[in-house]
$ cat final_0.tsv   # TSV, C-alpha atoms and all ligand atoms
chain	number	residue	atom	x	y	z
A	73	MET	CA	-29.92	-2.98	-11.70
A	74	VAL	CA	-27.75	-3.64	-14.71
A	75	ALA	CA	-28.28	-7.24	-15.58
A	76	GLN	CA	-26.39	-7.86	-18.77
A	77	ALA	CA	-22.96	-9.40	-18.59
A	78	SER	CA	-19.88	-7.41	-19.43
A	79	PRO	CA	-17.62	-8.81	-22.09
A	80	PRO	CA	-15.13	-11.24	-20.63
A	81	CYS	CA	-11.54	-10.21	-20.38
A	82	ARG	CA	-9.36	-12.51	-22.39
A	83	THR	CA	-5.91	-11.38	-21.50
A	84	ALA	CA	-3.81	-14.47	-20.92
A	85	GLY	CA	-2.01	-14.59	-17.62
A	86	LEU	CA	-4.09	-11.86	-16.01
A	87	ARG	CA	-4.76	-12.53	-12.38
A	88	ALA	CA	-7.68	-11.38	-10.29
A	89	PRO	CA	-8.24	-11.51	-6.57
A	90	VAL	CA	-11.50	-13.41	-6.33
A	91	THR	CA	-13.71	-11.87	-3.68
A	92	GLY	CA	-17.04	-12.91	-2.26
A	93	GLN	CA	-19.35	-10.38	-3.83
A	94	LEU	CA	-17.70	-10.31	-7.18
A	95	THR	CA	-19.11	-13.09	-9.29
A	96	THR	CA	-15.86	-14.00	-10.92
A	97	ARG	CA	-14.44	-17.12	-12.35
A	98	CYS	CA	-10.79	-17.13	-13.02
A	99	ASP	CA	-8.59	-19.76	-14.57
A	100	ARG	CA	-5.63	-17.50	-15.37
A	101	ARG	CA	-6.75	-17.19	-18.97
A	102	ARG	CA	-10.22	-15.84	-18.74
A	103	ILE	CA	-12.15	-13.83	-16.22
A	104	LYS	CA	-15.89	-13.64	-16.44
A	105	TRP	CA	-18.46	-11.73	-14.46
A	106	GLN	CA	-22.21	-11.71	-14.47
A	107	ARG	CA	-23.35	-8.77	-12.38
A	108	PRO	CA	-21.53	-5.55	-13.19
A	109	SER	CA	-23.52	-3.57	-10.66
A	110	VAL	CA	-21.78	-5.48	-7.90
A	111	VAL	CA	-18.66	-3.60	-8.85
A	112	ASN	CA	-20.08	-0.59	-7.14
A	113	ARG	CA	-20.30	-2.38	-3.85
A	114	VAL	CA	-16.77	-3.54	-4.25
A	115	SER	CA	-15.39	-0.14	-5.13
A	116	TYR	CA	-17.30	2.64	-3.48
A	117	PRO	CA	-20.30	1.54	-1.49
A	118	GLU	CA	-21.15	4.95	-0.07
A	119	MET	CA	-21.04	6.46	-3.52
A	120	LEU	CA	-23.45	3.89	-4.70
A	121	THR	CA	-25.78	5.09	-1.98
A	122	ALA	CA	-25.25	8.66	-3.02
A	123	SER	CA	-25.93	8.02	-6.65
A	124	GLY	CA	-28.65	5.41	-6.68
A	125	ASP	CA	-28.23	1.69	-6.73
A	126	ALA	CA	-26.76	0.90	-10.10
A	127	LEU	CA	-24.73	2.10	-13.01
A	128	SER	CA	-26.68	3.00	-16.11
A	129	ASP	CA	-26.16	1.39	-19.48
A	130	ARG	CA	-24.21	4.46	-20.47
A	131	ASP	CA	-21.68	3.59	-17.80
A	132	GLN	CA	-21.25	0.03	-18.92
A	133	PRO	CA	-17.76	0.51	-20.39
A	134	LEU	CA	-16.76	2.17	-17.18
A	135	THR	CA	-18.05	-0.78	-15.21
A	136	THR	CA	-15.77	-2.96	-17.24
A	137	ALA	CA	-12.86	-0.65	-16.61
A	138	VAL	CA	-13.39	-0.73	-12.89
A	139	LEU	CA	-13.56	-4.49	-12.88
A	140	CYS	CA	-10.30	-4.55	-14.77
A	141	SER	CA	-8.81	-2.47	-12.02
A	142	TYR	CA	-9.37	-5.42	-9.76
A	143	GLN	CA	-7.70	-7.80	-12.11
A	144	GLU	CA	-4.36	-6.12	-12.02
A	145	GLN	CA	-3.96	-5.47	-8.33
A	146	THR	CA	-1.90	-2.45	-9.19
A	147	GLY	CA	-2.39	0.53	-7.02
A	148	LEU	CA	-2.04	2.84	-9.93
A	149	VAL	CA	-4.77	1.27	-11.95
A	150	ARG	CA	-7.14	1.11	-9.06
A	151	LEU	CA	-6.46	4.70	-8.22
A	152	GLN	CA	-7.07	5.92	-11.71
A	153	LEU	CA	-10.05	3.86	-12.65
A	154	CYS	CA	-11.80	4.10	-9.33
A	155	ALA	CA	-11.35	7.83	-9.50
A	156	CYS	CA	-12.92	7.78	-12.96
A	157	LEU	CA	-15.91	6.14	-11.41
A	158	MET	CA	-16.10	8.85	-8.80
A	159	LEU	CA	-16.12	11.58	-11.39
A	160	ARG	CA	-18.97	9.94	-13.22
A	161	MET	CA	-21.05	9.73	-10.08
A	162	THR	CA	-23.26	12.46	-8.70
A	163	ALA	CA	-21.69	15.86	-8.31
A	164	GLY	CA	-22.28	15.76	-4.57
A	165	VAL	CA	-19.70	13.05	-4.17
A	166	VAL	CA	-16.77	14.86	-5.68
A	167	PRO	CA	-16.55	17.70	-3.12
A	168	LEU	CA	-16.12	15.07	-0.40
A	169	LEU	CA	-13.00	13.96	-2.15
A	170	MET	CA	-11.69	17.44	-2.72
A	171	ASP	CA	-11.34	18.26	0.97
A	172	GLU	CA	-7.61	17.68	0.89
A	173	PRO	CA	-5.94	21.03	0.18
A	174	GLY	CA	-4.12	20.95	-3.13
A	175	LEU	CA	-5.79	17.74	-4.28
A	176	ARG	CA	-6.69	17.60	-7.95
A	177	VAL	CA	-8.25	14.79	-9.87
A	178	ASP	CA	-6.95	14.50	-13.42
A	179	PRO	CA	-10.02	14.82	-15.65
A	180	LEU	CA	-8.42	12.60	-18.28
A	181	THR	CA	-7.36	9.68	-16.13
A	182	GLY	CA	-8.98	10.25	-12.74
A	183	ALA	CA	-5.57	10.09	-11.04
A	184	PHE	CA	-5.24	11.85	-7.69
A	185	VAL	CA	-2.55	14.52	-7.53
A	186	VAL	CA	-1.73	16.73	-4.56
A	187	VAL	CA	0.01	19.86	-5.83
A	188	THR	CA	2.87	20.76	-3.47
A	189	PRO	CA	5.02	23.49	-5.07
A	190	TRP	CA	6.72	24.30	-1.76
A	191	ARG	CA	8.44	20.91	-1.81
A	192	GLN	CA	10.26	21.78	-5.02
A	193	ASP	CA	12.91	23.74	-3.08
A	194	ARG	CA	13.81	21.02	-0.61
A	195	PRO	CA	17.46	20.06	-0.77
A	196	ASN	CA	18.42	16.69	-2.11
A	197	LEU	CA	21.05	16.26	0.54
A	198	PRO	CA	21.02	18.91	3.26
A	199	GLU	CA	24.31	20.64	3.92
A	200	GLY	CA	26.02	20.18	7.26
A	201	GLY	CA	25.82	16.43	7.63
A	202	CYS	CA	22.93	14.08	8.15
A	203	PRO	CA	19.97	15.97	9.68
A	204	PHE	CA	18.63	12.76	11.26
A	205	CYS	CA	21.78	11.75	13.18
A	206	PRO	CA	21.65	12.72	16.90
A	207	GLY	CA	22.82	16.32	17.11
A	208	GLY	CA	21.75	16.97	13.51
A	209	LEU	CA	19.36	19.64	12.31
A	210	GLU	CA	16.19	17.59	12.80
A	211	ALA	CA	17.27	15.54	15.82
A	212	PRO	CA	19.27	17.76	18.16
A	213	ARG	CA	18.83	15.47	21.19
A	214	PRO	CA	19.78	11.80	21.73
A	215	TYR	CA	17.08	9.25	20.83
A	216	ASP	CA	16.43	5.56	20.22
A	217	ALA	CA	13.46	6.01	17.90
A	218	VAL	CA	11.53	9.24	17.56
A	219	TRP	CA	8.97	11.02	15.35
A	220	ILE	CA	9.44	14.54	14.02
A	221	PRO	CA	7.32	16.78	11.79
A	222	ASN	CA	8.39	16.77	8.15
A	223	ARG	CA	10.10	20.08	7.37
A	224	TRP	CA	8.85	19.81	3.77
A	225	PRO	CA	5.37	18.41	4.31
A	226	ALA	CA	3.37	16.93	1.46
A	227	LEU	CA	0.22	17.50	3.54
A	228	PRO	CA	-0.36	20.60	5.70
A	229	ASP	CA	-1.30	21.06	9.36
A	230	GLY	CA	1.24	18.65	10.83
A	231	ARG	CA	-0.08	15.70	8.84
A	232	HIS	CA	3.26	14.58	7.43
A	233	GLU	CA	5.71	13.09	9.94
A	234	VAL	CA	9.09	11.38	9.79
A	235	ILE	CA	9.91	8.43	12.05
A	236	LEU	CA	13.62	8.04	12.81
A	237	HIS	CA	14.32	4.34	13.38
A	238	SER	CA	17.68	4.48	15.11
A	239	PRO	CA	20.48	6.88	16.04
A	240	ASP	CA	22.79	4.68	13.93
A	241	HIS	CA	23.07	6.20	10.45
A	242	GLY	CA	23.93	2.89	8.83
A	243	SER	CA	21.26	0.79	10.49
A	244	SER	CA	18.33	-1.12	9.01
A	245	PHE	CA	15.48	-3.25	10.34
A	246	PRO	CA	17.55	-6.46	10.19
A	247	ALA	CA	20.43	-4.66	11.95
A	248	LEU	CA	18.08	-3.26	14.59
A	249	GLY	CA	16.77	-6.74	15.30
A	250	VAL	CA	13.44	-7.52	16.89
A	251	THR	CA	13.86	-5.18	19.88
A	252	GLY	CA	14.86	-2.13	17.86
A	253	THR	CA	12.27	-2.82	15.18
A	254	SER	CA	9.58	-3.19	17.87
A	255	ARG	CA	10.37	0.35	19.02
A	256	VAL	CA	9.66	1.67	15.54
A	257	ILE	CA	6.42	-0.30	15.26
A	258	GLU	CA	5.27	1.00	18.64
A	259	LEU	CA	5.86	4.51	17.31
A	260	TRP	CA	3.91	3.78	14.12
A	261	SER	CA	1.07	2.54	16.29
A	262	ALA	CA	1.13	5.47	18.72
A	263	ARG	CA	1.22	7.99	15.90
A	264	THR	CA	-1.62	6.16	14.13
A	265	ALA	CA	-3.72	6.50	17.29
A	266	GLU	CA	-2.86	10.13	17.90
A	267	LEU	CA	-3.17	11.36	14.32
A	268	GLY	CA	-6.22	9.16	13.74
A	269	ALA	CA	-8.01	10.82	16.65
A	270	ARG	CA	-7.91	14.17	14.85
A	271	ALA	CA	-11.15	15.31	13.23
A	272	ASP	CA	-9.29	16.27	10.06
A	273	VAL	CA	-7.68	12.82	9.62
A	274	SER	CA	-9.44	9.89	7.96
A	275	TYR	CA	-6.53	7.64	7.11
A	276	VAL	CA	-3.05	7.21	8.62
A	277	PHE	CA	-0.66	5.92	5.99
A	278	VAL	CA	2.73	4.62	7.19
A	279	PHE	CA	5.44	3.93	4.61
A	280	GLU	CA	9.17	3.57	4.08
A	281	ASN	CA	11.15	4.28	0.90
A	282	ARG	CA	14.55	2.71	1.35
A	283	GLY	CA	17.51	3.40	-0.92
A	284	ARG	CA	18.57	6.02	-3.43
A	285	ALA	CA	17.06	3.99	-6.27
A	286	ILE	CA	13.57	4.71	-4.95
A	287	GLY	CA	14.35	8.36	-4.37
A	288	ALA	CA	15.13	8.44	-0.65
A	289	THR	CA	17.24	11.58	-0.28
A	290	ILE	CA	18.62	10.73	3.16
A	291	ASP	CA	20.16	7.33	3.87
A	292	HIS	CA	19.53	7.49	7.61
A	293	PRO	CA	16.89	4.80	8.40
A	294	HIS	CA	13.50	6.44	8.57
A	295	SER	CA	9.88	5.99	7.59
A	296	GLN	CA	7.12	8.52	7.04
A	297	ILE	CA	3.48	9.01	7.93
A	298	LEU	CA	0.92	10.81	5.82
A	299	ALA	CA	-2.31	11.51	7.69
A	300	PHE	CA	-4.85	12.02	4.91
A	301	ASN	CA	-8.19	13.68	5.46
A	302	LEU	CA	-9.63	11.33	2.89
A	303	ILE	CA	-9.24	7.60	2.44
A	304	PRO	CA	-6.79	7.19	-0.43
A	305	PRO	CA	-8.06	5.22	-3.42
A	306	ILE	CA	-5.89	2.14	-3.05
A	307	PRO	CA	-6.71	1.32	0.57
A	308	ARG	CA	-10.30	2.25	-0.18
A	309	ALA	CA	-10.44	-0.25	-3.00
A	310	GLU	CA	-9.07	-2.96	-0.69
A	311	LEU	CA	-11.45	-1.99	2.09
A	312	SER	CA	-14.47	-2.02	-0.18
A	313	GLN	CA	-14.25	-5.73	-0.84
A	314	ALA	CA	-17.22	-7.61	0.46
A	315	ALA	CA	-15.13	-10.23	2.26
A	316	CYS	CA	-11.68	-10.12	3.79
A	317	ASN	CA	-9.27	-11.50	1.24
A	318	LEU	CA	-6.57	-12.12	3.83
A	319	CYS	CA	-8.89	-14.31	5.91
A	320	GLY	CA	-9.71	-16.41	2.86
A	321	ASP	CA	-8.15	-19.66	1.75
A	322	LEU	CA	-4.44	-19.39	1.30
A	323	ASP	CA	-2.51	-20.84	-1.59
A	324	GLY	CA	0.21	-22.78	0.23
A	325	ARG	CA	2.65	-22.35	-2.66
A	326	LEU	CA	2.75	-18.61	-1.99
A	327	MET	CA	3.58	-18.88	1.71
A	328	VAL	CA	7.05	-17.73	2.71
A	329	THR	CA	7.29	-17.67	6.49
A	330	CYS	CA	5.30	-17.40	9.70
A	331	HIS	CA	5.94	-16.10	13.21
A	332	PRO	CA	3.67	-16.20	16.24
A	333	GLY	CA	0.45	-14.51	15.11
A	334	TRP	CA	1.81	-13.49	11.68
A	335	LEU	CA	2.10	-14.81	8.14
A	336	ALA	CA	4.06	-13.63	5.10
A	337	ARG	CA	3.30	-14.66	1.56
A	338	VAL	CA	3.75	-13.53	-2.01
A	339	PRO	CA	0.55	-11.93	-3.39
A	340	TRP	CA	-1.43	-13.90	-5.91
A	341	ALA	CA	-0.98	-11.12	-8.50
A	342	PRO	CA	2.20	-9.31	-7.45
A	343	SER	CA	2.85	-5.87	-8.90
A	344	TRP	CA	6.49	-6.37	-7.91
A	345	PRO	CA	8.21	-9.70	-8.63
A	346	TYR	CA	9.31	-10.34	-5.04
A	347	GLU	CA	6.54	-8.46	-3.26
A	348	LEU	CA	5.50	-9.81	0.14
A	349	LEU	CA	2.24	-9.42	2.03
A	350	ILE	CA	2.74	-9.52	5.80
A	351	PHE	CA	-0.40	-9.85	7.90
A	352	PRO	CA	-1.68	-11.12	11.25
A	353	GLU	CA	-3.39	-14.52	11.25
A	354	ARG	CA	-6.32	-13.04	13.16
A	355	HIS	CA	-8.54	-10.38	11.60
A	356	VAL	CA	-6.95	-7.38	13.35
A	357	ALA	CA	-7.94	-3.99	11.95
A	358	ASP	CA	-5.03	-1.67	12.69
A	359	LEU	CA	-1.77	-1.15	14.53
A	360	PRO	CA	-3.31	0.30	17.71
A	361	THR	CA	-5.70	-2.63	18.20
A	362	ALA	CA	-2.94	-5.14	17.44
A	363	GLY	CA	-1.33	-4.42	20.82
A	364	PRO	CA	2.23	-5.00	22.07
A	365	ARG	CA	2.35	-8.78	21.53
A	366	LEU	CA	1.39	-8.56	17.88
A	367	HIS	CA	3.70	-5.57	17.47
A	368	ALA	CA	6.57	-7.74	18.68
A	369	GLY	CA	5.46	-10.50	16.31
A	370	LEU	CA	5.39	-8.02	13.46
A	371	ALA	CA	8.92	-6.91	14.32
A	372	ALA	CA	10.07	-10.53	14.18
A	373	ILE	CA	8.45	-11.32	10.83
A	374	LEU	CA	9.51	-8.00	9.29
A	375	VAL	CA	13.14	-8.59	10.27
A	376	ASP	CA	12.86	-12.13	8.92
A	377	CYS	CA	11.32	-11.05	5.60
A	378	LEU	CA	13.83	-8.25	5.04
A	379	SER	CA	16.68	-10.60	5.91
A	380	ARG	CA	15.43	-13.01	3.25
A	381	VAL	CA	15.20	-10.18	0.72
A	382	GLU	CA	18.74	-9.10	1.63
A	383	ARG	CA	20.03	-12.64	1.15
A	384	LEU	CA	18.53	-12.71	-2.33
A	385	PHE	CA	19.51	-9.20	-3.42
A	386	GLY	CA	22.23	-7.91	-1.08
A	387	ALA	CA	22.13	-5.69	2.00
A	388	ALA	CA	21.64	-2.48	0.05
A	389	VAL	CA	18.47	-3.72	-1.62
A	390	PRO	CA	16.15	-0.79	-2.29
A	391	TYR	CA	12.56	-1.41	-1.28
A	392	MET	CA	9.23	0.17	-0.48
A	393	LEU	CA	7.21	-0.80	2.55
A	394	TRP	CA	3.74	0.43	3.39
A	395	VAL	CA	1.03	-0.34	5.92
A	396	HIS	CA	-2.64	-0.73	5.08
A	397	GLN	CA	-4.95	-0.47	8.06
A	398	ARG	CA	-8.42	0.63	9.12
A	399	PRO	CA	-9.43	4.22	8.35
A	400	THR	CA	-9.90	6.45	11.35
A	401	THR	CA	-13.34	7.70	10.35
A	402	GLY	CA	-15.02	5.83	13.21
A	403	GLN	CA	-17.13	3.77	10.82
A	404	ASP	CA	-17.14	0.01	10.72
A	405	TRP	CA	-14.76	-1.31	8.07
A	406	PRO	CA	-15.35	-5.06	8.08
A	407	ALA	CA	-12.73	-5.79	5.40
A	408	ALA	CA	-10.00	-3.87	7.28
A	409	HIS	CA	-7.30	-6.44	8.02
A	410	LEU	CA	-3.98	-4.89	8.99
A	411	HIS	CA	-1.19	-5.78	6.56
A	412	LEU	CA	2.11	-4.58	5.16
A	413	HIS	CA	3.26	-4.62	1.56
A	414	LEU	CA	7.01	-5.12	1.19
A	415	ALA	CA	8.13	-4.44	-2.38
A	416	PRO	CA	11.82	-4.89	-3.26
A	417	LEU	CA	12.65	-2.81	-6.31
A	418	LEU	CA	14.71	-5.52	-7.97
A	419	ARG	CA	13.62	-8.27	-10.30
A	420	ARG	CA	16.93	-10.10	-9.94
A	421	PRO	CA	20.20	-9.26	-8.16
A	422	GLY	CA	21.56	-5.98	-9.45
A	423	ARG	CA	18.65	-5.44	-11.83
A	424	ILE	CA	16.14	-2.69	-11.01
A	425	ARG	CA	12.59	-3.30	-12.08
A	426	HIS	CA	11.50	0.03	-13.59
A	427	LEU	CA	7.96	1.24	-13.92
A	428	ALA	CA	7.65	2.65	-17.41
A	429	GLY	CA	5.28	3.09	-20.31
A	430	ALA	CA	3.21	-0.06	-19.96
A	431	GLU	CA	2.69	0.29	-16.22
A	432	LEU	CA	2.13	4.05	-16.17
A	433	GLY	CA	0.45	4.44	-19.53
A	434	ALA	CA	-1.61	1.28	-19.81
A	435	GLY	CA	-1.81	0.58	-16.10
A	436	VAL	CA	-0.85	-3.07	-16.52
A	437	PHE	CA	2.02	-4.62	-14.59
A	438	PHE	CA	3.95	-7.50	-16.13
A	439	ASP	CA	5.58	-9.84	-13.64
A	440	PRO	CA	8.62	-11.68	-15.01
A	441	VAL	CA	8.78	-14.09	-12.04
A	442	ASP	CA	6.16	-16.77	-11.44
A	443	PRO	CA	4.75	-15.97	-7.97
A	444	PRO	CA	5.17	-19.50	-6.53
A	445	ALA	CA	8.78	-19.47	-7.76
A	446	ALA	CA	9.38	-16.12	-6.03
A	447	ALA	CA	7.86	-17.55	-2.86
A	448	ALA	CA	10.06	-20.64	-3.08
A	449	GLN	CA	13.20	-18.51	-3.42
A	450	LEU	CA	12.23	-16.34	-0.47
A	451	LYS	CA	11.28	-19.38	1.56
A	452	THR	CA	14.69	-20.96	1.17
A	453	ALA	CA	16.64	-17.71	1.61
A	454	THR	CA	17.63	-18.49	5.18
A	455	GLY	CA	20.91	-18.67	7.02
A	456	PRO	CA	23.76	-16.18	7.05
A	457	SER	CA	23.78	-13.44	4.40
B	1	ZN	ZN	22.24	10.01	9.91
B	2	ZN	ZN	-9.31	-10.68	7.66
B	3	ZN	ZN	-2.95	-3.58	0.91

$ encode --input "final_0.tsv" --output "structure tokens"
Amino acid sequence: MVAQASPPCRTAGLRAPVTGQLTTRCDRRRIKWQRPSVVNRVSYPEMLTASGDALSDRDQPLTTAVLCSYQEQTGLVRLQLCACLMLRMTAGVVPLLMDEPGLRVDPLTGAFVVVTPWRQDRPNLPEGGCPFCPGGLEAPRPYDAVWIPNRWPALPDGRHEVILHSPDHGSSFPALGVTGTSRVIELWSARTAELGARADVSYVFVFENRGRAIGATIDHPHSQILAFNLIPPIPRAELSQAACNLCGDLDGRLMVTCHPGWLARVPWAPSWPYELLIFPERHVADLPTAGPRLHAGLAAILVDCLSRVERLFGAAVPYMLWVHQRPTTGQDWPAAHLHLHLAPLLRRPGRIRHLAGAELGAGVFFDPVDPPAAAAQLKTATGPS
């Protein structure tokens, strides 16, 4: 075991999710830890098993780096630094991660990249009208909500799907209401179950990129599913925590709204100024086990949250939405607590928050809005738009 303490991080304003196994003390100005080896349990427990029970002294700076990846709660940082850790572990571990065709790990940064040259030729806007409208190229028959294979898949073997939310080209979750949104969530759940049952799928990742500003090429309301044959680094980092963070004590100042069975709050260390975490009150692992009642509750709170975001930023607000849930490997994942991240792209009305040099090069997000203040704005953003 490595017993010596790592140097404390002294970056003012840095925030860390404090988890059970991590011996951390955080007062917004200083974060201190005593047992660096615990980091392994937090990050990659099975790799710890594969490589022995502790990092060596030689890896001490890396230990520090991995701990820092927890302080920023930025997917990018976690992905890069946790991947660095993987590369430094025994050689036997890396092939496990390389199962995904086209996956490369950047030897400089440890970032995961799936090389997909066939996607380079996909049209920005297909000719001949919207392909997702009923009668269009991808949806020739009438539908309410339907899944289709992605014509330009980022993952092979039918592991990249598109979920069409509504036949109405101009619709949105708030416009669909609870009933229409429930239909989409039922589809997400059914596809999670079906794709997750495949032997070549370890993690079903559901996400929506909404708006041209985030790069959505087709305006028609739709989400996507990537069925990875590995557990991607960001969910893996969340899942590797010793205790469920979402079942822990909540900071009431960050709460925004609740619906039967569901809560929505601003994260303690938001990567995006008005980011929301939406999660069931009970420790439910994934969409399939949530069942129809919680699906309906999720529809209600999702419509509510997006309506609040629209009241703050306008109906065309670009956002990203993604679901984190239990891997489909069949193992026990005690920290798996179903939740959604809703990340509006704006930092104030009309002002896009760009990710640039600091975020992508240093891996540190700077949040210009105090999280309790963001929560307070979202909390009071009720009533007609
Ligand atoms: Zn359309
Ligand atoms: Zn939980
Ligand atoms: Zn998450």

$ residues_around --input "final_0.tsv" --residues "Gly201 of chain A" --least-positions-apart "3" --cutoff "12 Å" --atoms "all atoms listed in the file" --output "number ranges by chain"
A: 197-198, 204-211, 241, 290-292

$ residues_around --input "final_0.tsv" --residues "His396 of chain A" --least-positions-apart "3" --cutoff "10 Å" --atoms "only C-alpha atoms" --output "list in words"
Tyr275, Val276, Phe277, Val278, Phe279, Ile306, Pro307, Arg308, Glu310, Leu311, Phe351, Ala357, Asp358, Leu359, Pro399, Ala408, His409, Leu410, His411, Leu412 and His413 of chain A

$ atom_distance --input "final_0.tsv" --atom1 "atom CA of Val356 of chain A" --atom2 "atom CA of Leu259 of chain A"
17.9 Å

$ closest_residue --input "final_0.tsv" --among "A:Thr454, A:Ser274, A:Gln397, A:Asn301" --to "ligand ZN 2 (chain B)" --atoms "only C-alpha atoms and all ligand atoms"
A:Gln397

$ residues_near_ligand --input "final_0.tsv" --ligand "ligand ZN 2 (chain B)" --cutoff "6 Å" --atoms "all atoms listed in the file" --output "MDAnalysis selection string"
chainID A and resid 316 318:319 355 409
